[in-house]
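Next comes run14.txt, a file with compact mmCIF, N, CA and C atoms.
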# COMPACT_ATOMS: atom_id res chain seq x y z
N MET A 1 72.65 44.67 12.76
CA MET A 1 72.88 43.65 11.77
C MET A 1 73.93 44.15 10.77
N ILE A 2 74.85 43.27 10.44
CA ILE A 2 75.88 43.61 9.46
C ILE A 2 75.29 43.43 8.06
N LYS A 3 75.50 44.43 7.25
CA LYS A 3 75.01 44.37 5.88
C LYS A 3 76.19 44.62 4.94
N PRO A 4 76.54 43.63 4.11
CA PRO A 4 77.66 43.83 3.18
C PRO A 4 77.32 44.87 2.12
N LYS A 5 78.37 45.49 1.62
CA LYS A 5 78.20 46.44 0.53
C LYS A 5 77.71 45.71 -0.71
N PRO A 6 76.98 46.40 -1.58
CA PRO A 6 76.50 45.76 -2.82
C PRO A 6 77.66 45.19 -3.66
N GLN A 7 78.80 45.87 -3.66
CA GLN A 7 79.96 45.37 -4.42
C GLN A 7 80.47 44.04 -3.85
N THR A 8 80.39 43.91 -2.52
CA THR A 8 80.82 42.67 -1.87
C THR A 8 79.89 41.53 -2.27
N VAL A 9 78.60 41.79 -2.23
CA VAL A 9 77.62 40.76 -2.62
C VAL A 9 77.80 40.40 -4.10
N ALA A 10 78.01 41.41 -4.95
CA ALA A 10 78.20 41.15 -6.38
C ALA A 10 79.47 40.33 -6.62
N ALA A 11 80.55 40.65 -5.91
CA ALA A 11 81.80 39.90 -6.05
C ALA A 11 81.60 38.45 -5.63
N TRP A 12 80.95 38.26 -4.49
CA TRP A 12 80.69 36.90 -3.99
C TRP A 12 79.83 36.11 -4.96
N THR A 13 78.76 36.70 -5.43
CA THR A 13 77.85 36.03 -6.35
C THR A 13 78.57 35.64 -7.64
N SER A 14 79.36 36.55 -8.15
CA SER A 14 80.11 36.26 -9.38
C SER A 14 81.14 35.16 -9.16
N LEU A 15 81.81 35.20 -8.03
CA LEU A 15 82.82 34.19 -7.71
C LEU A 15 82.19 32.81 -7.61
N VAL A 16 81.10 32.70 -6.88
CA VAL A 16 80.42 31.41 -6.71
C VAL A 16 79.86 30.91 -8.04
N SER A 17 79.28 31.80 -8.81
CA SER A 17 78.71 31.43 -10.10
C SER A 17 79.80 30.93 -11.06
N ALA A 18 80.90 31.68 -11.14
CA ALA A 18 82.00 31.27 -12.03
C ALA A 18 82.59 29.94 -11.58
N ASN A 19 82.75 29.76 -10.30
CA ASN A 19 83.26 28.51 -9.76
C ASN A 19 82.35 27.34 -10.14
N ARG A 20 81.06 27.52 -9.94
CA ARG A 20 80.10 26.46 -10.25
C ARG A 20 80.14 26.09 -11.73
N VAL A 21 80.12 27.11 -12.59
CA VAL A 21 80.12 26.87 -14.04
C VAL A 21 81.40 26.15 -14.46
N LEU A 22 82.55 26.61 -13.98
CA LEU A 22 83.80 25.98 -14.37
C LEU A 22 83.91 24.54 -13.86
N LEU A 23 83.54 24.32 -12.61
CA LEU A 23 83.60 22.96 -12.06
C LEU A 23 82.65 22.03 -12.80
N GLU A 24 81.45 22.48 -13.07
CA GLU A 24 80.50 21.64 -13.82
C GLU A 24 81.02 21.34 -15.22
N THR A 25 81.64 22.32 -15.86
CA THR A 25 82.18 22.11 -17.20
C THR A 25 83.31 21.09 -17.18
N ILE A 26 84.19 21.20 -16.19
CA ILE A 26 85.30 20.24 -16.06
C ILE A 26 84.75 18.85 -15.77
N GLU A 27 83.81 18.75 -14.83
CA GLU A 27 83.23 17.44 -14.50
C GLU A 27 82.56 16.82 -15.72
N ASP A 28 81.81 17.61 -16.48
CA ASP A 28 81.15 17.10 -17.69
C ASP A 28 82.17 16.60 -18.71
N ALA A 29 83.24 17.36 -18.89
CA ALA A 29 84.27 16.97 -19.86
C ALA A 29 84.95 15.68 -19.44
N LEU A 30 85.25 15.54 -18.15
CA LEU A 30 85.86 14.31 -17.66
C LEU A 30 84.91 13.12 -17.83
N LYS A 31 83.65 13.33 -17.53
CA LYS A 31 82.67 12.26 -17.67
C LYS A 31 82.54 11.83 -19.14
N ARG A 32 82.48 12.81 -20.05
CA ARG A 32 82.38 12.49 -21.48
C ARG A 32 83.60 11.70 -21.97
N ALA A 33 84.75 11.96 -21.36
CA ALA A 33 85.98 11.25 -21.72
C ALA A 33 86.11 9.92 -20.97
N ASP A 34 85.06 9.54 -20.22
CA ASP A 34 85.05 8.30 -19.44
C ASP A 34 86.19 8.26 -18.43
N LEU A 35 86.39 9.40 -17.78
CA LEU A 35 87.43 9.53 -16.76
C LEU A 35 86.80 9.80 -15.40
N PRO A 36 87.55 9.58 -14.33
CA PRO A 36 87.01 9.82 -12.98
C PRO A 36 86.71 11.30 -12.73
N PRO A 37 86.02 11.59 -11.63
CA PRO A 37 85.67 12.98 -11.31
C PRO A 37 86.89 13.80 -10.90
N LEU A 38 86.70 15.10 -10.92
CA LEU A 38 87.77 16.05 -10.64
C LEU A 38 88.39 15.83 -9.27
N SER A 39 87.62 15.46 -8.27
CA SER A 39 88.18 15.24 -6.93
C SER A 39 89.25 14.15 -6.97
N TRP A 40 89.09 13.18 -7.85
CA TRP A 40 90.09 12.13 -7.99
C TRP A 40 91.37 12.69 -8.57
N TYR A 41 91.24 13.61 -9.53
CA TYR A 41 92.43 14.21 -10.13
C TYR A 41 93.25 14.91 -9.05
N ASP A 42 92.60 15.71 -8.24
CA ASP A 42 93.29 16.46 -7.20
C ASP A 42 94.01 15.51 -6.24
N ALA A 43 93.36 14.44 -5.85
CA ALA A 43 93.98 13.46 -4.95
C ALA A 43 95.14 12.76 -5.63
N LEU A 44 94.95 12.32 -6.87
CA LEU A 44 96.02 11.64 -7.59
C LEU A 44 97.24 12.54 -7.75
N LEU A 45 97.00 13.81 -8.03
CA LEU A 45 98.11 14.76 -8.19
C LEU A 45 98.89 14.92 -6.89
N GLU A 46 98.18 15.08 -5.78
CA GLU A 46 98.87 15.24 -4.49
C GLU A 46 99.63 13.97 -4.11
N ILE A 47 99.07 12.82 -4.40
CA ILE A 47 99.76 11.55 -4.10
C ILE A 47 101.01 11.45 -4.97
N GLU A 48 100.88 11.81 -6.24
CA GLU A 48 102.03 11.77 -7.15
C GLU A 48 103.13 12.73 -6.69
N ARG A 49 102.75 13.91 -6.23
CA ARG A 49 103.73 14.90 -5.75
C ARG A 49 104.48 14.39 -4.52
N ALA A 50 103.88 13.51 -3.75
CA ALA A 50 104.48 13.00 -2.52
C ALA A 50 105.45 11.85 -2.77
N GLU A 51 105.56 11.39 -3.98
CA GLU A 51 106.42 10.25 -4.25
C GLU A 51 107.88 10.61 -4.04
N PRO A 52 108.75 9.65 -3.76
CA PRO A 52 108.51 8.22 -3.86
C PRO A 52 107.97 7.58 -2.59
N GLY A 53 107.96 8.32 -1.50
CA GLY A 53 107.56 7.72 -0.23
C GLY A 53 106.08 7.61 -0.01
N GLY A 54 105.28 8.21 -0.87
CA GLY A 54 103.83 8.20 -0.69
C GLY A 54 103.41 9.28 0.29
N ILE A 55 102.16 9.21 0.68
CA ILE A 55 101.59 10.23 1.56
C ILE A 55 100.66 9.56 2.56
N ARG A 56 100.63 10.07 3.76
CA ARG A 56 99.72 9.57 4.78
C ARG A 56 98.33 10.16 4.50
N PRO A 57 97.27 9.40 4.75
CA PRO A 57 95.92 9.91 4.50
C PRO A 57 95.62 11.22 5.20
N PHE A 58 96.10 11.41 6.43
CA PHE A 58 95.81 12.67 7.13
C PHE A 58 96.49 13.85 6.44
N GLU A 59 97.66 13.63 5.85
CA GLU A 59 98.33 14.71 5.11
C GLU A 59 97.56 15.05 3.83
N LEU A 60 97.08 14.02 3.17
CA LEU A 60 96.29 14.22 1.95
C LEU A 60 95.00 14.96 2.29
N LYS A 61 94.38 14.57 3.39
CA LYS A 61 93.15 15.24 3.84
C LYS A 61 93.40 16.73 4.06
N GLU A 62 94.50 17.08 4.68
CA GLU A 62 94.82 18.49 4.92
C GLU A 62 95.07 19.24 3.62
N ARG A 63 95.72 18.62 2.67
CA ARG A 63 96.02 19.28 1.40
C ARG A 63 94.75 19.48 0.56
N LEU A 64 93.82 18.54 0.67
CA LEU A 64 92.60 18.62 -0.13
C LEU A 64 91.44 19.26 0.63
N LEU A 65 91.63 19.54 1.91
CA LEU A 65 90.60 20.16 2.75
C LEU A 65 89.31 19.35 2.77
N LEU A 66 89.46 18.04 2.94
CA LEU A 66 88.31 17.15 3.03
C LEU A 66 88.13 16.70 4.48
N PRO A 67 86.88 16.41 4.86
CA PRO A 67 86.68 15.81 6.19
C PRO A 67 87.21 14.38 6.18
N GLN A 68 87.48 13.83 7.35
CA GLN A 68 88.05 12.49 7.47
C GLN A 68 87.21 11.44 6.75
N TYR A 69 85.88 11.47 6.94
CA TYR A 69 85.04 10.46 6.30
C TYR A 69 85.09 10.60 4.77
N GLY A 70 85.21 11.83 4.28
CA GLY A 70 85.30 12.03 2.83
C GLY A 70 86.60 11.47 2.27
N MET A 71 87.69 11.65 3.01
CA MET A 71 88.98 11.14 2.57
C MET A 71 88.96 9.62 2.56
N SER A 72 88.42 9.02 3.59
CA SER A 72 88.37 7.55 3.65
C SER A 72 87.57 6.98 2.49
N ARG A 73 86.43 7.58 2.22
CA ARG A 73 85.59 7.11 1.10
C ARG A 73 86.30 7.30 -0.24
N LEU A 74 86.94 8.45 -0.42
CA LEU A 74 87.66 8.72 -1.66
C LEU A 74 88.77 7.70 -1.87
N LEU A 75 89.56 7.45 -0.85
CA LEU A 75 90.65 6.48 -0.98
C LEU A 75 90.12 5.07 -1.20
N ASP A 76 89.01 4.72 -0.56
CA ASP A 76 88.40 3.40 -0.79
C ASP A 76 88.01 3.24 -2.25
N ARG A 77 87.35 4.25 -2.81
CA ARG A 77 86.91 4.19 -4.22
C ARG A 77 88.11 4.13 -5.16
N MET A 78 89.13 4.92 -4.87
CA MET A 78 90.30 4.93 -5.74
C MET A 78 91.08 3.62 -5.64
N ALA A 79 91.12 3.01 -4.46
CA ALA A 79 91.79 1.72 -4.30
C ALA A 79 91.02 0.62 -5.04
N ARG A 80 89.68 0.65 -4.93
CA ARG A 80 88.87 -0.35 -5.66
C ARG A 80 89.05 -0.22 -7.17
N ALA A 81 89.29 1.00 -7.63
CA ALA A 81 89.50 1.23 -9.06
C ALA A 81 90.93 0.89 -9.49
N GLY A 82 91.77 0.54 -8.52
CA GLY A 82 93.15 0.15 -8.84
C GLY A 82 94.08 1.33 -9.08
N LEU A 83 93.71 2.52 -8.59
CA LEU A 83 94.52 3.71 -8.84
C LEU A 83 95.54 3.99 -7.74
N VAL A 84 95.27 3.49 -6.54
CA VAL A 84 96.19 3.70 -5.42
C VAL A 84 96.35 2.40 -4.64
N ASP A 85 97.48 2.30 -3.98
CA ASP A 85 97.73 1.24 -3.01
C ASP A 85 97.84 1.88 -1.65
N ARG A 86 97.33 1.18 -0.64
CA ARG A 86 97.48 1.64 0.74
C ARG A 86 98.27 0.57 1.48
N ASP A 87 99.42 0.98 2.00
CA ASP A 87 100.30 0.08 2.73
C ASP A 87 100.44 0.55 4.16
N ASP A 88 100.78 -0.38 5.05
CA ASP A 88 101.03 0.00 6.43
C ASP A 88 102.26 0.90 6.49
N ALA A 89 102.17 1.91 7.33
CA ALA A 89 103.31 2.81 7.54
C ALA A 89 104.36 2.10 8.37
N GLU A 90 105.61 2.19 7.94
CA GLU A 90 106.69 1.49 8.65
C GLU A 90 106.89 2.02 10.06
N ASP A 91 106.67 3.32 10.26
CA ASP A 91 106.95 3.94 11.55
C ASP A 91 105.73 4.05 12.46
N ASP A 92 104.58 3.51 12.00
CA ASP A 92 103.35 3.62 12.77
C ASP A 92 102.47 2.42 12.44
N GLY A 93 102.34 1.53 13.39
CA GLY A 93 101.60 0.29 13.16
C GLY A 93 100.14 0.49 12.79
N ARG A 94 99.56 1.63 13.16
CA ARG A 94 98.15 1.87 12.84
C ARG A 94 97.98 2.73 11.59
N GLY A 95 99.05 3.36 11.13
CA GLY A 95 98.96 4.28 10.01
C GLY A 95 99.13 3.61 8.66
N GLN A 96 98.79 4.36 7.63
CA GLN A 96 98.93 3.89 6.26
C GLN A 96 99.68 4.92 5.44
N VAL A 97 100.22 4.44 4.33
CA VAL A 97 100.85 5.29 3.33
C VAL A 97 100.15 4.98 2.01
N VAL A 98 99.79 6.03 1.29
CA VAL A 98 99.09 5.89 0.01
C VAL A 98 100.08 6.20 -1.11
N ARG A 99 100.09 5.31 -2.10
CA ARG A 99 100.95 5.49 -3.27
C ARG A 99 100.14 5.25 -4.53
N LEU A 100 100.56 5.91 -5.61
CA LEU A 100 99.92 5.68 -6.91
C LEU A 100 100.32 4.32 -7.47
N THR A 101 99.40 3.69 -8.13
CA THR A 101 99.71 2.52 -8.93
C THR A 101 100.05 3.02 -10.33
N PRO A 102 100.62 2.16 -11.17
CA PRO A 102 100.84 2.59 -12.56
C PRO A 102 99.53 3.04 -13.23
N LYS A 103 98.43 2.36 -12.93
CA LYS A 103 97.13 2.77 -13.48
C LYS A 103 96.73 4.14 -12.97
N GLY A 104 97.02 4.43 -11.70
CA GLY A 104 96.70 5.74 -11.13
C GLY A 104 97.47 6.84 -11.82
N ARG A 105 98.74 6.59 -12.10
CA ARG A 105 99.57 7.58 -12.79
C ARG A 105 99.05 7.81 -14.21
N THR A 106 98.74 6.74 -14.90
CA THR A 106 98.22 6.84 -16.27
C THR A 106 96.88 7.57 -16.29
N THR A 107 96.03 7.28 -15.32
CA THR A 107 94.72 7.93 -15.24
C THR A 107 94.87 9.42 -15.00
N ARG A 108 95.74 9.80 -14.06
CA ARG A 108 95.95 11.22 -13.79
C ARG A 108 96.49 11.92 -15.03
N GLN A 109 97.40 11.28 -15.71
CA GLN A 109 97.97 11.87 -16.93
C GLN A 109 96.92 11.99 -18.03
N ALA A 110 95.98 11.06 -18.10
CA ALA A 110 94.91 11.13 -19.10
C ALA A 110 93.90 12.22 -18.75
N MET A 111 93.72 12.49 -17.47
CA MET A 111 92.76 13.49 -17.03
C MET A 111 93.24 14.92 -17.33
N TRP A 112 94.55 15.15 -17.23
CA TRP A 112 95.05 16.52 -17.33
C TRP A 112 94.71 17.20 -18.66
N PRO A 113 94.88 16.58 -19.81
CA PRO A 113 94.55 17.29 -21.05
C PRO A 113 93.08 17.71 -21.13
N VAL A 114 92.19 16.92 -20.57
CA VAL A 114 90.77 17.26 -20.55
C VAL A 114 90.55 18.46 -19.64
N TYR A 115 91.11 18.41 -18.46
CA TYR A 115 91.03 19.48 -17.47
C TYR A 115 91.64 20.77 -18.04
N ALA A 116 92.85 20.65 -18.57
CA ALA A 116 93.55 21.80 -19.12
C ALA A 116 92.80 22.40 -20.30
N GLY A 117 92.18 21.55 -21.09
CA GLY A 117 91.42 22.04 -22.23
C GLY A 117 90.26 22.93 -21.81
N VAL A 118 89.58 22.55 -20.74
CA VAL A 118 88.48 23.38 -20.24
C VAL A 118 89.02 24.72 -19.73
N LEU A 119 90.11 24.68 -18.98
CA LEU A 119 90.69 25.92 -18.47
C LEU A 119 91.09 26.84 -19.63
N THR A 120 91.68 26.25 -20.63
CA THR A 120 92.13 27.03 -21.79
C THR A 120 90.95 27.65 -22.53
N ARG A 121 89.91 26.86 -22.75
CA ARG A 121 88.75 27.36 -23.51
C ARG A 121 87.88 28.31 -22.70
N ARG A 122 87.76 28.08 -21.39
CA ARG A 122 86.81 28.85 -20.59
C ARG A 122 87.40 30.05 -19.85
N ILE A 123 88.73 30.11 -19.73
CA ILE A 123 89.33 31.22 -19.00
C ILE A 123 90.18 32.11 -19.91
N GLU A 124 91.07 31.51 -20.67
CA GLU A 124 92.03 32.30 -21.44
C GLU A 124 91.41 33.29 -22.41
N PRO A 125 90.29 32.97 -23.08
CA PRO A 125 89.75 33.97 -24.01
C PRO A 125 89.20 35.23 -23.33
N HIS A 126 88.95 35.16 -22.04
CA HIS A 126 88.32 36.26 -21.33
C HIS A 126 89.30 37.22 -20.65
N PHE A 127 90.57 36.83 -20.57
CA PHE A 127 91.54 37.63 -19.84
C PHE A 127 92.87 37.71 -20.59
N THR A 128 93.51 38.87 -20.51
CA THR A 128 94.90 38.95 -20.95
C THR A 128 95.74 38.21 -19.90
N ASP A 129 97.00 37.96 -20.23
CA ASP A 129 97.87 37.32 -19.24
C ASP A 129 97.98 38.16 -17.97
N ALA A 130 98.08 39.47 -18.14
CA ALA A 130 98.18 40.37 -16.98
C ALA A 130 96.90 40.33 -16.14
N GLU A 131 95.76 40.31 -16.80
CA GLU A 131 94.48 40.25 -16.06
C GLU A 131 94.34 38.93 -15.31
N ALA A 132 94.74 37.83 -15.94
CA ALA A 132 94.67 36.53 -15.28
C ALA A 132 95.58 36.50 -14.06
N ALA A 133 96.77 37.08 -14.19
CA ALA A 133 97.70 37.14 -13.06
C ALA A 133 97.11 38.00 -11.94
N GLU A 134 96.48 39.10 -12.29
CA GLU A 134 95.86 39.98 -11.29
C GLU A 134 94.69 39.27 -10.60
N LEU A 135 93.89 38.58 -11.38
CA LEU A 135 92.77 37.83 -10.80
C LEU A 135 93.29 36.78 -9.82
N ALA A 136 94.32 36.06 -10.21
CA ALA A 136 94.91 35.06 -9.31
C ALA A 136 95.41 35.72 -8.03
N ARG A 137 96.07 36.86 -8.16
CA ARG A 137 96.58 37.56 -6.99
C ARG A 137 95.45 37.98 -6.05
N LEU A 138 94.40 38.52 -6.62
CA LEU A 138 93.26 38.96 -5.80
C LEU A 138 92.57 37.78 -5.11
N LEU A 139 92.38 36.70 -5.83
CA LEU A 139 91.72 35.54 -5.23
C LEU A 139 92.59 34.88 -4.16
N GLN A 140 93.90 34.93 -4.33
CA GLN A 140 94.79 34.40 -3.30
C GLN A 140 94.62 35.14 -1.99
N ARG A 141 94.34 36.42 -2.07
CA ARG A 141 94.10 37.18 -0.85
C ARG A 141 92.89 36.64 -0.11
N LEU A 142 91.86 36.24 -0.84
CA LEU A 142 90.67 35.66 -0.19
C LEU A 142 90.97 34.29 0.39
N GLY A 143 91.82 33.54 -0.29
CA GLY A 143 92.13 32.18 0.15
C GLY A 143 93.26 32.08 1.15
N GLY A 144 93.71 33.20 1.65
CA GLY A 144 94.77 33.17 2.64
C GLY A 144 96.11 32.76 2.07
N GLY A 145 96.31 33.00 0.78
CA GLY A 145 97.60 32.69 0.16
C GLY A 145 97.71 31.28 -0.35
N ARG A 146 96.67 30.47 -0.29
CA ARG A 146 96.73 29.08 -0.76
C ARG A 146 96.84 29.03 -2.24
Mind turning the file's structure into structure tokens?
Amino acid sequence: MIKPKPQTVAAWTSLVSANRVLLETIEDALKRADLPPLSWYDALLEIERAEPGGIRPFELKERLLLPQYGMSRLLDRMARAGLVDRDDAEDDGRGQVVRLTPKGRTTRQAMWPVYAGVLTRRIEPHFTDAEAAELARLLQRLGGGR
């Protein structure tokens, strides 16, 4: 049986715990500001980055690492909220292209200060700039450079 070193278990536990605390804090702050959940921010940002041509749902799914059913549900909810439009792809009769609506752009822009505020309050006081850069470098190694 493979048994990880205590340092490996401690690193994993700390990573998961910090991730959970930060995500919950961001979600709570967005909710208090009457804004959509963090997953919507990530999707809106990727759709905005893909402009002006928009993005195909399968490309968005790959960027967000969501399963197909999760992406479909997310886009359905965002379309019902008026944040995205889904149009037929010109080069593929069965495909779609997703684009931000003006409301989607405004919503994403309203979400960022709340999100950024949590990052600033919850991360910056604990690390120097050099330490934050080193932490990012180390975590990128775990994420395969993502």
Could you list, with a cut-off of 8 Å and counting only N, CA and C atoms, the residues of segment 87-118 of chain A near segment 122-129 of chain A, each shown with its nearest atom pair and the distance in Å rounded to one decimal, rows sorted by chain and ascending number, as CSV?
residue,atom,partner,partner_atom,distance
A:Ala116,C,A:Arg122,N,7.7
A:Gly117,C,A:Arg122,N,5.7
A:Val118,C,A:Arg122,N,4.0
Among segment 3-138 of chain A, which ones does DSSP assign to alpha helix (DSSP H) (computed from the backbone)? Answer as a ChimeraX atom specification. /A:6-32,38-49,57-64,68-80,102-122,129-138
By how many Å are atom C of Gly70 of chain A and atom N of Val114 of chain A apart? 24.1 Å
Could you give me, as a count of residues only, the residues within 6.5 Å of Ile47 of chain A, counting all atoms listed in the file and dropping anything in the same chain fewer than 5 positions from it? 6
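Residues of chain A assigned to strand (DSSP E) by DSSP on this structure's backbone: Val84, Asp85, Arg86, Asp87, Asp88, Ala89, Asp92, Gly93, Arg94, Gly95, Gln96, Val97, Val98, Arg99 and Leu100 of chain A.
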